[in-house]
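Chemist: Once you've had a glance at the structure underneath, I'll fire off some questions.
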Amino acid sequence: MEIIGLTKQELSSALADMGEKSFRTKQIWQWLYGQGATSFDEMSNLSKDLRSKLAEKFTLTRPKIVTEQISSDKTHKWLLEFADGQRIETVFIPEDDSGAVCISTQVGCAVGCRFCHTGSQKITRNLTAGEIISQFMLVKDIYKEWPSASQQNRLVSNIVIMGMGEPLHNIDNVIKALNIATDQDGLAVSKRRITLSTSGIVPNMARVARETGVKLAVSLHAPNNEKRSQIMPINNRYPIEEILTACQEYQKIVTSRYITFEYLMLDHFNDNIQDAQELITLMKKYKIGAKFNLIPFNPWPGCAYKPSSNNRVHTFSRELEKAGFAAPIRTARGQDILAACGQLKSKKQ
Ligand code: SAH
Ligand code: SF4
């Protein structure tokens, strides 16, 4: 059994089965998630006997690095491989005094958005909770950010669930991984530093609010159902009205936080002034504390859409801002290494 990814509860009952006292759970937890131990031998406050019992019962692994690339802007990308040979990508995006790890949750994705390269790869399998959280831990290994005790001066500080896959199609494992991330005895990542992005799997949104309290981002990408369904077939199942109602519910539980609406800028498709006006009307109707994140589209071979011109993106942004919404344009990071969302794992296939 892999020890990384067990909830505290699961670890505690596994230890109880071995006849160990309950205080061992916290000790081992701190080694794994506070100190970043990569072997049981390092756990110096456990007896030799217990350490070897643990090594017999559990594995303690990190994903294997297949390749890595560092962009001219320091964006760092890894192709990672798990025990069964399946591969995903993880990206680290450093800022001046913080940085976000962009984590994958599935191998491929079943949602099939027309603009997304991951979506064109179909779904192979869900990642386990351990495979999800170990992406973050591996980046901490590489940037020597253990122990995790101090909140200040962390470079590997934030988590964005925006890599490959739809997190709400793997909700149990994603919730487990996030609860490990926020646990104060270990990684202690603040909920405010975690953002989960979804294409809008309505029935699972409330669970994220109740069971994690992290920030929510919704991939909206269009101001009405007609356009959204053209680029996101999932919209036929969960249309905009249902998503926005779920967002209202989310904000009742996770109060005083904005929901970010991601909006991919597709040339002459969804980037007209009328589209911006329609968006404004929609947001005012639902009274959601919203901000937008305008995303430059990263084209890939075979994709039907083109990126909007800078001019059109800026005009669109200004229109939203005039109406009182924050609408920053996301800077394209790591473009020279194809580290942008929706392009992950594209080269190797
Ligand atoms: N499945 C989730 C999270 C992963 S995708 C979701 O869709 O929200 C993360 C973000 O990357 C989404 O907003 C998605 O729409 C965006 N994205 C997908 N393909 C892209 C592309 N080719 N260029 C830019 N962004 C893209
Ligand atoms: Fe899946 Fe998100 Fe890509 Fe859509 S944009 S196919 S939901 S990963």
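Residue numbering restarts at 1 in every chain; chains get A, B, ... in the order shown in the structure tokens, and ligands count up from 1 in that same order.
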Dump as JSON lines the rows for residues of chain A within 7 Å of ligand 2: closest atom pair and distance in Å with one decimal, only C-alpha atoms and all ligand atoms counted, ordered by chain and rising residue number.
Modeler:
```
{"residue": "A:Cys109", "atom": "CA", "partner": "ligand 2", "partner_atom_place_in_ligand_line": "1 (Fe)", "distance": 4.6}
{"residue": "A:Ala110", "atom": "CA", "partner": "ligand 2", "partner_atom_place_in_ligand_line": "1 (Fe)", "distance": 6.3}
{"residue": "A:Val111", "atom": "CA", "partner": "ligand 2", "partner_atom_place_in_ligand_line": "6 (S)", "distance": 4.8}
{"residue": "A:Gly112", "atom": "CA", "partner": "ligand 2", "partner_atom_place_in_ligand_line": "6 (S)", "distance": 4.2}
{"residue": "A:Cys113", "atom": "CA", "partner": "ligand 2", "partner_atom_place_in_ligand_line": "6 (S)", "distance": 4.2}
{"residue": "A:Cys116", "atom": "CA", "partner": "ligand 2", "partner_atom_place_in_ligand_line": "3 (Fe)", "distance": 4.6}
{"residue": "A:His117", "atom": "CA", "partner": "ligand 2", "partner_atom_place_in_ligand_line": "3 (Fe)", "distance": 6.6}
{"residue": "A:Thr118", "atom": "CA", "partner": "ligand 2", "partner_atom_place_in_ligand_line": "3 (Fe)", "distance": 5.1}
{"residue": "A:Gly119", "atom": "CA", "partner": "ligand 2", "partner_atom_place_in_ligand_line": "6 (S)", "distance": 3.3}
{"residue": "A:Ser120", "atom": "CA", "partner": "ligand 2", "partner_atom_place_in_ligand_line": "6 (S)", "distance": 6.9}
{"residue": "A:Gly163", "atom": "CA", "partner": "ligand 2", "partner_atom_place_in_ligand_line": "8 (S)", "distance": 7.0}
{"residue": "A:Met164", "atom": "CA", "partner": "ligand 2", "partner_atom_place_in_ligand_line": "8 (S)", "distance": 5.1}
{"residue": "A:Gly165", "atom": "CA", "partner": "ligand 2", "partner_atom_place_in_ligand_line": "8 (S)", "distance": 4.3}
{"residue": "A:Glu166", "atom": "CA", "partner": "ligand 2", "partner_atom_place_in_ligand_line": "7 (S)", "distance": 4.8}
{"residue": "A:Thr198", "atom": "CA", "partner": "ligand 2", "partner_atom_place_in_ligand_line": "7 (S)", "distance": 6.6}
{"residue": "A:Ser199", "atom": "CA", "partner": "ligand 2", "partner_atom_place_in_ligand_line": "7 (S)", "distance": 4.9}
{"residue": "A:Gly342", "atom": "CA", "partner": "ligand 2", "partner_atom_place_in_ligand_line": "3 (Fe)", "distance": 5.8}
```
Chemist: Got a sec: who's within 12 Å of Lys322 in chain A, counting only C-alpha atoms, leaving out chain neighbours fewer than 4 positions off, as a ChimeraX atom specification?
Modeler: /A:276-277,280,315-318,326-327
Chemist: Between CA of Asn270 in chain A and CA of Phe115 in chain A, what is the distance in Å, rounded to a tenth?
Modeler: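 These two atoms are separated by 12.6 Å.
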Chemist: Run DSSP on the backbone and tell me which residues of range 31-270 of chain A come out as alpha helix (DSSP H); list them as a ChimeraX atom specification.
Modeler: /A:48-57,129-142,171-182,202-211,225-231,240-253
Chemist: DSSP on the backbone, strand (DSSP E) only: what residues of range 19-253 of chain A does that give? Format it as an MDAnalysis selection string.
Modeler: chainID A and resid 64:70 76:81 87:94 99:102 106:108 123:126 158:161 194:198 215:219
Chemist: As a list of chain:residue names, please: the residues near Arg228 in chain A (cut-off 10 Å, only C-alpha atoms, same-chain neighbours under 5 positions excluded).
Modeler: A:Cys113, A:Leu220, A:His221, A:Ala222, A:Pro223, A:Pro233, A:Ile234, A:Asn235, A:Asn236, A:Pro239, A:Ile240, A:Asn270
Chemist: Excluding range 261-264 of chain A and residues on its chain fewer than 4 positions from it, collect all residues at most 8 Å away from it, counting only C-alpha atoms, and give them as number ranges by chain.
Modeler: A: 217-222, 290-297
Chemist: Suppose you want the space between CA of Arg125 in chain A and CA of Ser71 in chain A; what is it in Å?
Modeler: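 Between CA of Arg125 in chain A and CA of Ser71 in chain A the gap is 28.8 Å.
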Chemist: Counting only C-alpha atoms, what is within 12 Å of Ala83 in chain A, bar same-chain residues fewer than 3 positions away, as a VMD selection string?
Modeler: chain A and resid 2 59 to 65 80 86 to 87 127 to 128 130 to 131
Chemist: With a distance cut-off of 10 Å and only C-alpha atoms, select the neighbouring residues of range 7-18 of chain A, excluding the residue or stretch itself and same-chain residues fewer than 6 positions from it, and output the selection as a list in words.
Modeler: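 Residues near the query, excluding close chain neighbours: Met1, Arg24, Thr25, Lys26, Ile28, Trp29, Leu50, Lys53, Leu54, Lys57, Phe58, Ala129, Gly130, Lys176, Ala177, Asn179, Ile180 and Asp183 of chain A.
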Chemist: Please write the residues from the selection above to a file, keeping C-alpha atoms, as a PDB file, in the first residue's frame.
Modeler:
```pdb
ATOM      1  CA  MET A   1       0.000   0.000   0.000  1.00  0.00           C
ATOM      2  CA  ARG A  24       2.320   7.466  15.964  1.00  0.00           C
ATOM      3  CA  THR A  25      -0.074   8.796  13.320  1.00  0.00           C
ATOM      4  CA  LYS A  26       0.890  12.405  13.951  1.00  0.00           C
ATOM      5  CA  ILE A  28       4.603   9.756  10.837  1.00  0.00           C
ATOM      6  CA  TRP A  29       2.362  12.384   9.272  1.00  0.00           C
ATOM      7  CA  LEU A  50       8.826   0.132  13.684  1.00  0.00           C
ATOM      8  CA  LYS A  53       7.622  -2.778   9.886  1.00  0.00           C
ATOM      9  CA  LEU A  54       6.462   0.353   8.074  1.00  0.00           C
ATOM     10  CA  LYS A  57       3.710  -2.637   4.935  1.00  0.00           C
ATOM     11  CA  PHE A  58       3.918   0.579   2.877  1.00  0.00           C
ATOM     12  CA  ALA A 129      -4.964  11.106  -4.029  1.00  0.00           C
ATOM     13  CA  GLY A 130      -1.296  10.197  -3.559  1.00  0.00           C
ATOM     14  CA  LYS A 176      -8.524  13.815  -0.129  1.00  0.00           C
ATOM     15  CA  ALA A 177      -5.457  15.402  -1.703  1.00  0.00           C
ATOM     16  CA  ASN A 179      -7.312  17.928   2.770  1.00  0.00           C
ATOM     17  CA  ILE A 180      -3.775  16.570   2.996  1.00  0.00           C
ATOM     18  CA  ASP A 183      -3.546  19.853   7.160  1.00  0.00           C
TER      19      ASP A 183
END
```
Chemist: Could you work out how far CA of Ile4 in chain A lies from CA of Asp141 in chain A, giving the answer in Å with one decimal?
Modeler: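 So the two atoms, CA of Asp141 in chain A and CA of Ile4 in chain A, lie 14.5 Å apart.
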Chemist: Using only C-alpha atoms, which of A:Ser39, A:Ser157, A:Asn272, A:Thr331 sits nearest Gly99 in chain A?
Modeler: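 With only C-alpha atoms as the atom set, the closest residue is A:Ser157.
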Chemist: Extract, using only C-alpha atoms, all DNA, RNA and protein residues at most 12 Å from Ser256 in chain A, discarding same-chain residues fewer than 6 positions from it, and format them as a list in words.
Modeler: Arg192, Gly213, Val214, Lys215, Gln248, Tyr250, Ile288, Gly289 and Ala290 of chain A
Chemist: When distances are computed from only C-alpha atoms and all ligand atoms, which of A:Ile159, A:Leu320, A:Ala181, A:Cys102 shows the smallest separation from ligand 1?
Modeler: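 For ligand 1, the nearest of the given residues is A:Cys102.
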Chemist: Select, from A:Val156, A:Ile273, A:Ile329, A:Ile161, the residue with the minimum atom-to-atom distance to ligand 1, counting only C-alpha atoms and all ligand atoms.
Modeler: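 Going through A:Val156, A:Ile273, A:Ile329, A:Ile161 one by one, the smallest distance to ligand 1 is for A:Ile161.
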Chemist: Tell me which of A:Ile194, A:Gly34, A:Glu321, A:Leu178 sits closest to Leu6 in chain A, counting only C-alpha atoms.
Modeler: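 Checking each of A:Ile194, A:Gly34, A:Glu321, A:Leu178 against Leu6 in chain A, counting only C-alpha atoms, the winner is A:Leu178.
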Chemist: Here is a test: counting only C-alpha atoms and all ligand atoms, which residue of A:Leu282, A:Val313, A:Leu196, A:Ala323 is nearest to ligand 1?
Modeler: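 Among the listed residues, the smallest separation from ligand 1 belongs to A:Leu196.
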Chemist: Could you check the closest approach to ligand 1 for each of A:Ala246, A:Ile259, A:Val254, A:Leu168 and tell me which residue wins, using only C-alpha atoms and all ligand atoms?
Modeler: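 So, comparing all the options, the nearest one is A:Leu168.
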